[in-house]
Amino acid sequence: MEQANKAIHTEPDWTPPGKPNRPNKTRKSFFTEKRKEALSGYLYVSPFFILFMVFGLFPILFSFYLGFQQWNGIGGFGSMEFIGLQNFKWILTDPIFWKSLLNTLIIWVLGTIPQLIIGIILAYALNSVLIKMKTFFRVSIFLPYVTSTVAVAIVFGIIFNSQEFGLINVIFGIFGFDPVSWETSEWGVKIAISTMVFWRWIGYNTIIYLAGLQGIPKELYEAAEIDGATVKQKIQFITIPMIRPIIILTVFTSTIGALQLFTEPMIFLGRGAREEGITVVLYLYREAFSNLAFGPASAAAIILFIIIMILTSINVFVANRIGK
Amino acid sequence: MSEKIQRKKLQISKGFIYVLLAIAAFLSIFPLYWMFVMATNHNSAINSVPPAFIPGKELVTNFSNVLNTIDFFGAMWNSFVVSTITTIGVLFLCSLAGFAFAKFQFKGKNVLFLLILITMMIPPQLGLIPQYFIITELGWLNDYKAIIIPGLIDAFGIFWMRQYISSNVPDELMDAARIDGCSNFRVYWNITVPVIIPAFATLAIIKFMYVWNDFLWPLVVLREQASQTIQVALRLLIDNYVRDNGMILSGTFWATVPLIIIFIFLNRLFIQSLTEGAIKS
């Protein structure tokens, strides 16, 4: 009331005290509702773009630049020297770089493919109407995903100890096999690292498949049952086609994840980063931060980027074709 | 007759499914159990054939050895602070941007949103080396900021929030608030935020877990022990020439326990959040 009284004296166009006196935004000011909205819009989305310029886009462009420079990072930014494709030449003739690519590929196959197959089977089992204690099984199978990658690598590093007291070697001993030198042999290292990947991610993928299975209408199965379909036929003709998009998704994400594998080999192999298990990102890290060879490391990053882009395009292509 | 066969068949497949799931559950839990067993045993009991399979008496000794090797609680605190602040920042910035993308009209909106989606496809390692030098130039090495500020970039978070806000915040509610004279920010803060709490919970779990478990980036920018997160600090445990497995796994176990306890209490929310995010995108 007091305010309204004041308004009578100060404002030339007086409004009755019953209605609040509010300035009409759309009429006078340059900032119409529409402009205000657009301005707020730009303001609200700007933090992402500003941060991305500084910590995303600029570093990426700079990586491409660094790939053509010789630089050890010590002499400041002025000490860079343009050397053309030398870094790429150097990387592509380095047997260890090819080794890291091959290792990454092998670990990807060993860690991912069994994981996805067993994931589907487990999801199928979890989705069965017969089962009680569903929560218990779901929670236990998902538990490894909550464990940090570093912790997983440390525990499995000890489980895959090369000595005869390493847990896997003890189990091997029970069945009369000789102990395997998991930490140093060509296949031992890869199997150990693949197992870590497998163990941490299997539950995650199982739950994703389970979500896919629960989306399949029950009527489909009932109809198939009436027609006398076997379990195998039901899986082959109903389940797999219905969750195909989810299978593609998991193959895609686990491929990208496998290409970026770093923590498991880093922890398992220790400072030496043995050739048997070195991955592309570990190679990149070692070149950059142990050898201070920032040029070759950037070249490796660019090659990794190209590989990931090619795989992404293939995936998009495949997904589009199958989707139709 | 045929019903009897069918019931028997059902029984067999039921048994088979239980065995399968029991094996899977056992293999999932066992390494965690074994971690605890080793955390409570002396190194000699671990390094023998057969190794210890039941908890021992060295719980306190092993853990005090951890405390003598690394600043365990300091590192846990660093992880907690960094993960919490990054998560809160991401919730705020992503919901604000998602709100703008979902409810506002402005030129270039769709192009900007597409750009955000494209950034999701770029592998983070591509810019790793220049990022390290940027952090160095800014003087943020060994500083929480080195993790928190770049961590605020979250394309998925914006995508997630936009989807949630467009389907859960009714336009009528916004219009009503505007007629009452609410500014755009107040529409966000008073009308949108209370409605999108479930989306906050999902994004918070995803982000917190990601920052808590991240290893490569903290390893690069947190060089001094005092600033290191628990994941980086754990690596120091295995970096000795003399490997005391009891001590190593004691540190690893106690670093893992908090998240597992939270997970078990909130298992439904956790599982739903972490997988739903993947499926929706």
# chains A, B, ... in the order shown; residues from 1 in each chain; ligands from 1
$ select_by_dssp --residues "stretch 34-169 of chain B" --states "helix (DSSP H, G or I)" --output "count of residues only"
100
$ residues_around --residues "stretch 199-206 of chain B" --least-positions-apart "2" --cutoff "8 Å" --atoms "only C-alpha atoms" --output "number ranges by chain"
B: 87-88, 91, 157, 160-161, 164, 196-197, 208-210, 269-270, 272-274, 277
$ residues_around --residues "stretch 244-252 of chain B" --least-positions-apart "5" --cutoff "7 Å" --atoms "only C-alpha atoms" --output "compact mmCIF listing (two decimals) with C-alpha atoms, in the first residue's frame"
# COMPACT_ATOMS: atom_id res chain seq x y z
CA ALA A 151 42.00 -51.05 -7.72
CA MET B 35 41.22 -58.14 -1.40
CA MET B 38 44.89 -60.10 1.85
CA ALA B 39 44.38 -56.76 3.55
CA THR B 40 44.21 -58.67 6.84
CA ASN B 41 47.07 -61.11 6.28
CA HIS B 42 50.82 -60.87 6.51
CA ASN B 43 52.72 -60.78 3.24
CA ASN B 62 48.79 -53.48 7.21
CA PHE B 63 46.79 -50.30 7.36
CA ASN B 65 51.95 -49.53 6.94
CA VAL B 66 49.76 -47.87 4.32
CA LEU B 234 47.43 -46.04 -4.74
CA LEU B 237 51.94 -48.35 -3.02
CA ILE B 238 53.00 -50.70 -5.81
$ closest_atom_pairs --of "chain A" --to "chain B" --cutoff "6 Å" --atoms "only C-alpha atoms" --output "JSON lines"
{"residue": "A:Ala38", "atom": "CA", "partner": "B:Phe106", "partner_atom": "CA", "distance": 4.6}
{"residue": "A:Gly41", "atom": "CA", "partner": "B:Ala100", "partner_atom": "CA", "distance": 5.0}
{"residue": "A:Tyr44", "atom": "CA", "partner": "B:Ala97", "partner_atom": "CA", "distance": 5.0}
{"residue": "A:Val45", "atom": "CA", "partner": "B:Ala97", "partner_atom": "CA", "distance": 4.5}
{"residue": "A:Phe48", "atom": "CA", "partner": "B:Ile153", "partner_atom": "CA", "distance": 5.8}
{"residue": "A:Pro59", "atom": "CA", "partner": "B:Gly127", "partner_atom": "CA", "distance": 4.7}
{"residue": "A:Ile60", "atom": "CA", "partner": "B:Gly127", "partner_atom": "CA", "distance": 4.5}
{"residue": "A:Ser63", "atom": "CA", "partner": "B:Gly127", "partner_atom": "CA", "distance": 5.9}
{"residue": "A:Ala125", "atom": "CA", "partner": "B:Ile17", "partner_atom": "CA", "distance": 5.7}
{"residue": "A:Ser140", "atom": "CA", "partner": "B:Ala25", "partner_atom": "CA", "distance": 5.3}
{"residue": "A:Ile141", "atom": "CA", "partner": "B:Ala25", "partner_atom": "CA", "distance": 5.5}
{"residue": "A:Ser148", "atom": "CA", "partner": "B:Asn213", "partner_atom": "CA", "distance": 5.1}
{"residue": "A:Ala151", "atom": "CA", "partner": "B:Thr252", "partner_atom": "CA", "distance": 5.7}
{"residue": "A:Phe165", "atom": "CA", "partner": "B:Val49", "partner_atom": "CA", "distance": 5.1}
{"residue": "A:Ile208", "atom": "CA", "partner": "B:Thr275", "partner_atom": "CA", "distance": 5.9}
{"residue": "A:Ala301", "atom": "CA", "partner": "B:Leu126", "partner_atom": "CA", "distance": 5.2}
$ write_last_selection --atoms "N, CA and C atoms" --output "short mmCIF file (atom, residue, chain, number, x, y, z; two decimals), in the first residue's frame"
data_model
loop_
_atom_site.label_atom_id
_atom_site.label_comp_id
_atom_site.auth_asym_id
_atom_site.auth_seq_id
_atom_site.Cartn_x
_atom_site.Cartn_y
_atom_site.Cartn_z
N ALA A 38 16.73 -14.81 -25.90
CA ALA A 38 17.88 -15.23 -26.71
C ALA A 38 19.18 -14.93 -25.96
N GLY A 41 19.69 -17.35 -23.33
CA GLY A 41 20.08 -18.62 -23.96
C GLY A 41 21.57 -18.66 -24.22
N TYR A 44 23.55 -18.88 -21.01
CA TYR A 44 23.50 -20.15 -20.29
C TYR A 44 24.32 -21.24 -20.97
N VAL A 45 24.43 -21.17 -22.29
CA VAL A 45 25.21 -22.22 -22.95
C VAL A 45 26.68 -21.80 -23.11
N PHE A 48 30.00 -23.75 -21.43
CA PHE A 48 30.52 -24.94 -22.12
C PHE A 48 31.47 -24.53 -23.23
N PRO A 59 43.63 -27.28 -27.34
CA PRO A 59 44.59 -28.38 -27.23
C PRO A 59 44.57 -29.34 -28.43
N ILE A 60 43.36 -29.57 -28.98
CA ILE A 60 43.28 -30.49 -30.11
C ILE A 60 44.02 -29.90 -31.32
N SER A 63 47.61 -30.02 -30.77
CA SER A 63 48.16 -31.37 -30.96
C SER A 63 48.53 -31.59 -32.42
N ALA A 125 19.55 -64.92 -18.50
CA ALA A 125 19.27 -65.66 -17.26
C ALA A 125 18.59 -64.75 -16.24
N SER A 140 25.45 -58.03 -7.26
CA SER A 140 26.79 -58.63 -7.25
C SER A 140 27.46 -58.54 -8.61
N ILE A 141 26.67 -58.75 -9.67
CA ILE A 141 27.29 -58.72 -10.99
C ILE A 141 27.72 -57.31 -11.36
N SER A 148 37.25 -49.06 -8.70
CA SER A 148 38.02 -48.22 -9.62
C SER A 148 38.96 -49.07 -10.46
N ALA A 151 42.16 -49.98 -8.69
CA ALA A 151 42.00 -51.05 -7.72
C ALA A 151 41.91 -52.41 -8.43
N PHE A 165 52.83 -68.97 -6.21
CA PHE A 165 51.78 -68.67 -5.23
C PHE A 165 50.75 -67.69 -5.76
N ILE A 208 22.89 -53.53 -19.24
CA ILE A 208 22.41 -52.83 -20.44
C ILE A 208 21.62 -53.79 -21.32
N ALA A 301 49.00 -39.49 -30.99
CA ALA A 301 47.63 -39.09 -30.63
C ALA A 301 46.80 -38.86 -31.89
#
$ residues_around --residues "A:Gly188" --least-positions-apart "6" --cutoff "9 Å" --atoms "only C-alpha atoms" --output "PyMOL selection string"
chain A and resi 160+180-182+276
$ residues_around --residues "B:Leu173" --least-positions-apart "2" --cutoff "12 Å" --atoms "only C-alpha atoms" --output "ChimeraX atom specification"
/B:103,168-171,175-180,182,187-188,190-192,195
$ write_last_selection --atoms "N, CA, C and O atoms" --output "PDB file, in the first residue's frame"
ATOM      1  N   LYS B 103      14.213 -24.987 -23.762  1.00  0.00           N
ATOM      2  CA  LYS B 103      13.064 -24.090 -23.609  1.00  0.00           C
ATOM      3  C   LYS B 103      13.204 -22.727 -24.276  1.00  0.00           C
ATOM      4  O   LYS B 103      12.230 -22.020 -24.404  1.00  0.00           O
ATOM      5  N   ASN B 168       9.953 -33.081 -19.246  1.00  0.00           N
ATOM      6  CA  ASN B 168       9.411 -33.064 -17.879  1.00  0.00           C
ATOM      7  C   ASN B 168       9.014 -31.702 -17.329  1.00  0.00           C
ATOM      8  O   ASN B 168       8.348 -31.633 -16.307  1.00  0.00           O
ATOM      9  N   VAL B 169       9.467 -30.635 -17.956  1.00  0.00           N
ATOM     10  CA  VAL B 169       9.086 -29.312 -17.457  1.00  0.00           C
ATOM     11  C   VAL B 169       8.027 -28.737 -18.407  1.00  0.00           C
ATOM     12  O   VAL B 169       8.337 -28.421 -19.547  1.00  0.00           O
ATOM     13  N   PRO B 170       6.773 -28.639 -17.948  1.00  0.00           N
ATOM     14  CA  PRO B 170       5.714 -28.168 -18.838  1.00  0.00           C
ATOM     15  C   PRO B 170       5.869 -26.683 -19.184  1.00  0.00           C
ATOM     16  O   PRO B 170       6.221 -25.875 -18.319  1.00  0.00           O
ATOM     17  N   ASP B 171       5.625 -26.361 -20.439  1.00  0.00           N
ATOM     18  CA  ASP B 171       5.728 -24.972 -20.897  1.00  0.00           C
ATOM     19  C   ASP B 171       4.749 -24.063 -20.146  1.00  0.00           C
ATOM     20  O   ASP B 171       5.060 -22.917 -19.853  1.00  0.00           O
ATOM     21  N   ASP B 175       5.344 -20.413 -18.540  1.00  0.00           N
ATOM     22  CA  ASP B 175       4.617 -19.224 -18.974  1.00  0.00           C
ATOM     23  C   ASP B 175       3.946 -18.546 -17.791  1.00  0.00           C
ATOM     24  O   ASP B 175       3.979 -17.322 -17.649  1.00  0.00           O
ATOM     25  N   ALA B 176       3.355 -19.375 -16.941  1.00  0.00           N
ATOM     26  CA  ALA B 176       2.685 -18.822 -15.762  1.00  0.00           C
ATOM     27  C   ALA B 176       3.672 -18.047 -14.901  1.00  0.00           C
ATOM     28  O   ALA B 176       3.394 -16.941 -14.434  1.00  0.00           O
ATOM     29  N   ALA B 177       4.861 -18.631 -14.724  1.00  0.00           N
ATOM     30  CA  ALA B 177       5.877 -17.976 -13.904  1.00  0.00           C
ATOM     31  C   ALA B 177       6.316 -16.661 -14.535  1.00  0.00           C
ATOM     32  O   ALA B 177       6.529 -15.659 -13.854  1.00  0.00           O
ATOM     33  N   ARG B 178       6.393 -16.664 -15.856  1.00  0.00           N
ATOM     34  CA  ARG B 178       6.817 -15.449 -16.561  1.00  0.00           C
ATOM     35  C   ARG B 178       5.780 -14.342 -16.412  1.00  0.00           C
ATOM     36  O   ARG B 178       6.127 -13.181 -16.215  1.00  0.00           O
ATOM     37  N   ILE B 179       4.509 -14.730 -16.504  1.00  0.00           N
ATOM     38  CA  ILE B 179       3.448 -13.730 -16.358  1.00  0.00           C
ATOM     39  C   ILE B 179       3.509 -13.114 -14.967  1.00  0.00           C
ATOM     40  O   ILE B 179       3.288 -11.930 -14.780  1.00  0.00           O
ATOM     41  N   ASP B 180       3.900 -13.950 -14.000  1.00  0.00           N
ATOM     42  CA  ASP B 180       4.069 -13.421 -12.647  1.00  0.00           C
ATOM     43  C   ASP B 180       5.329 -12.583 -12.518  1.00  0.00           C
ATOM     44  O   ASP B 180       5.687 -12.167 -11.421  1.00  0.00           O
ATOM     45  N   CYS B 182       8.600 -13.507 -13.329  1.00  0.00           N
ATOM     46  CA  CYS B 182       9.862 -14.198 -13.052  1.00  0.00           C
ATOM     47  C   CYS B 182      10.864 -13.916 -14.167  1.00  0.00           C
ATOM     48  O   CYS B 182      10.524 -13.967 -15.344  1.00  0.00           O
ATOM     49  N   VAL B 187      13.010 -18.525 -13.515  1.00  0.00           N
ATOM     50  CA  VAL B 187      12.254 -19.653 -14.081  1.00  0.00           C
ATOM     51  C   VAL B 187      13.085 -20.920 -13.993  1.00  0.00           C
ATOM     52  O   VAL B 187      12.598 -21.999 -13.657  1.00  0.00           O
ATOM     53  N   TYR B 188      14.388 -20.763 -14.265  1.00  0.00           N
ATOM     54  CA  TYR B 188      15.285 -21.912 -14.132  1.00  0.00           C
ATOM     55  C   TYR B 188      15.369 -22.365 -12.683  1.00  0.00           C
ATOM     56  O   TYR B 188      15.142 -23.522 -12.346  1.00  0.00           O
ATOM     57  N   ASN B 190      13.654 -21.494  -9.780  1.00  0.00           N
ATOM     58  CA  ASN B 190      12.490 -21.799  -8.936  1.00  0.00           C
ATOM     59  C   ASN B 190      11.538 -22.813  -9.558  1.00  0.00           C
ATOM     60  O   ASN B 190      10.827 -23.507  -8.843  1.00  0.00           O
ATOM     61  N   ILE B 191      11.491 -22.852 -10.885  1.00  0.00           N
ATOM     62  CA  ILE B 191      10.512 -23.733 -11.528  1.00  0.00           C
ATOM     63  C   ILE B 191      11.176 -25.007 -12.042  1.00  0.00           C
ATOM     64  O   ILE B 191      10.706 -26.118 -11.801  1.00  0.00           O
ATOM     65  N   THR B 192      12.310 -24.859 -12.742  1.00  0.00           N
ATOM     66  CA  THR B 192      12.911 -26.022 -13.395  1.00  0.00           C
ATOM     67  C   THR B 192      13.670 -26.918 -12.416  1.00  0.00           C
ATOM     68  O   THR B 192      13.455 -28.132 -12.376  1.00  0.00           O
ATOM     69  N   VAL B 195      11.908 -29.601 -10.402  1.00  0.00           N
ATOM     70  CA  VAL B 195      11.280 -30.672 -11.187  1.00  0.00           C
ATOM     71  C   VAL B 195      12.317 -31.694 -11.661  1.00  0.00           C
ATOM     72  O   VAL B 195      11.981 -32.853 -11.904  1.00  0.00           O
TER      73      VAL B 195
END
$ closest_residue --among "A:Thr279, A:Asn72, A:Thr93, A:Ser290" --to "A:Ile193" --atoms "only C-alpha atoms"
A:Thr279
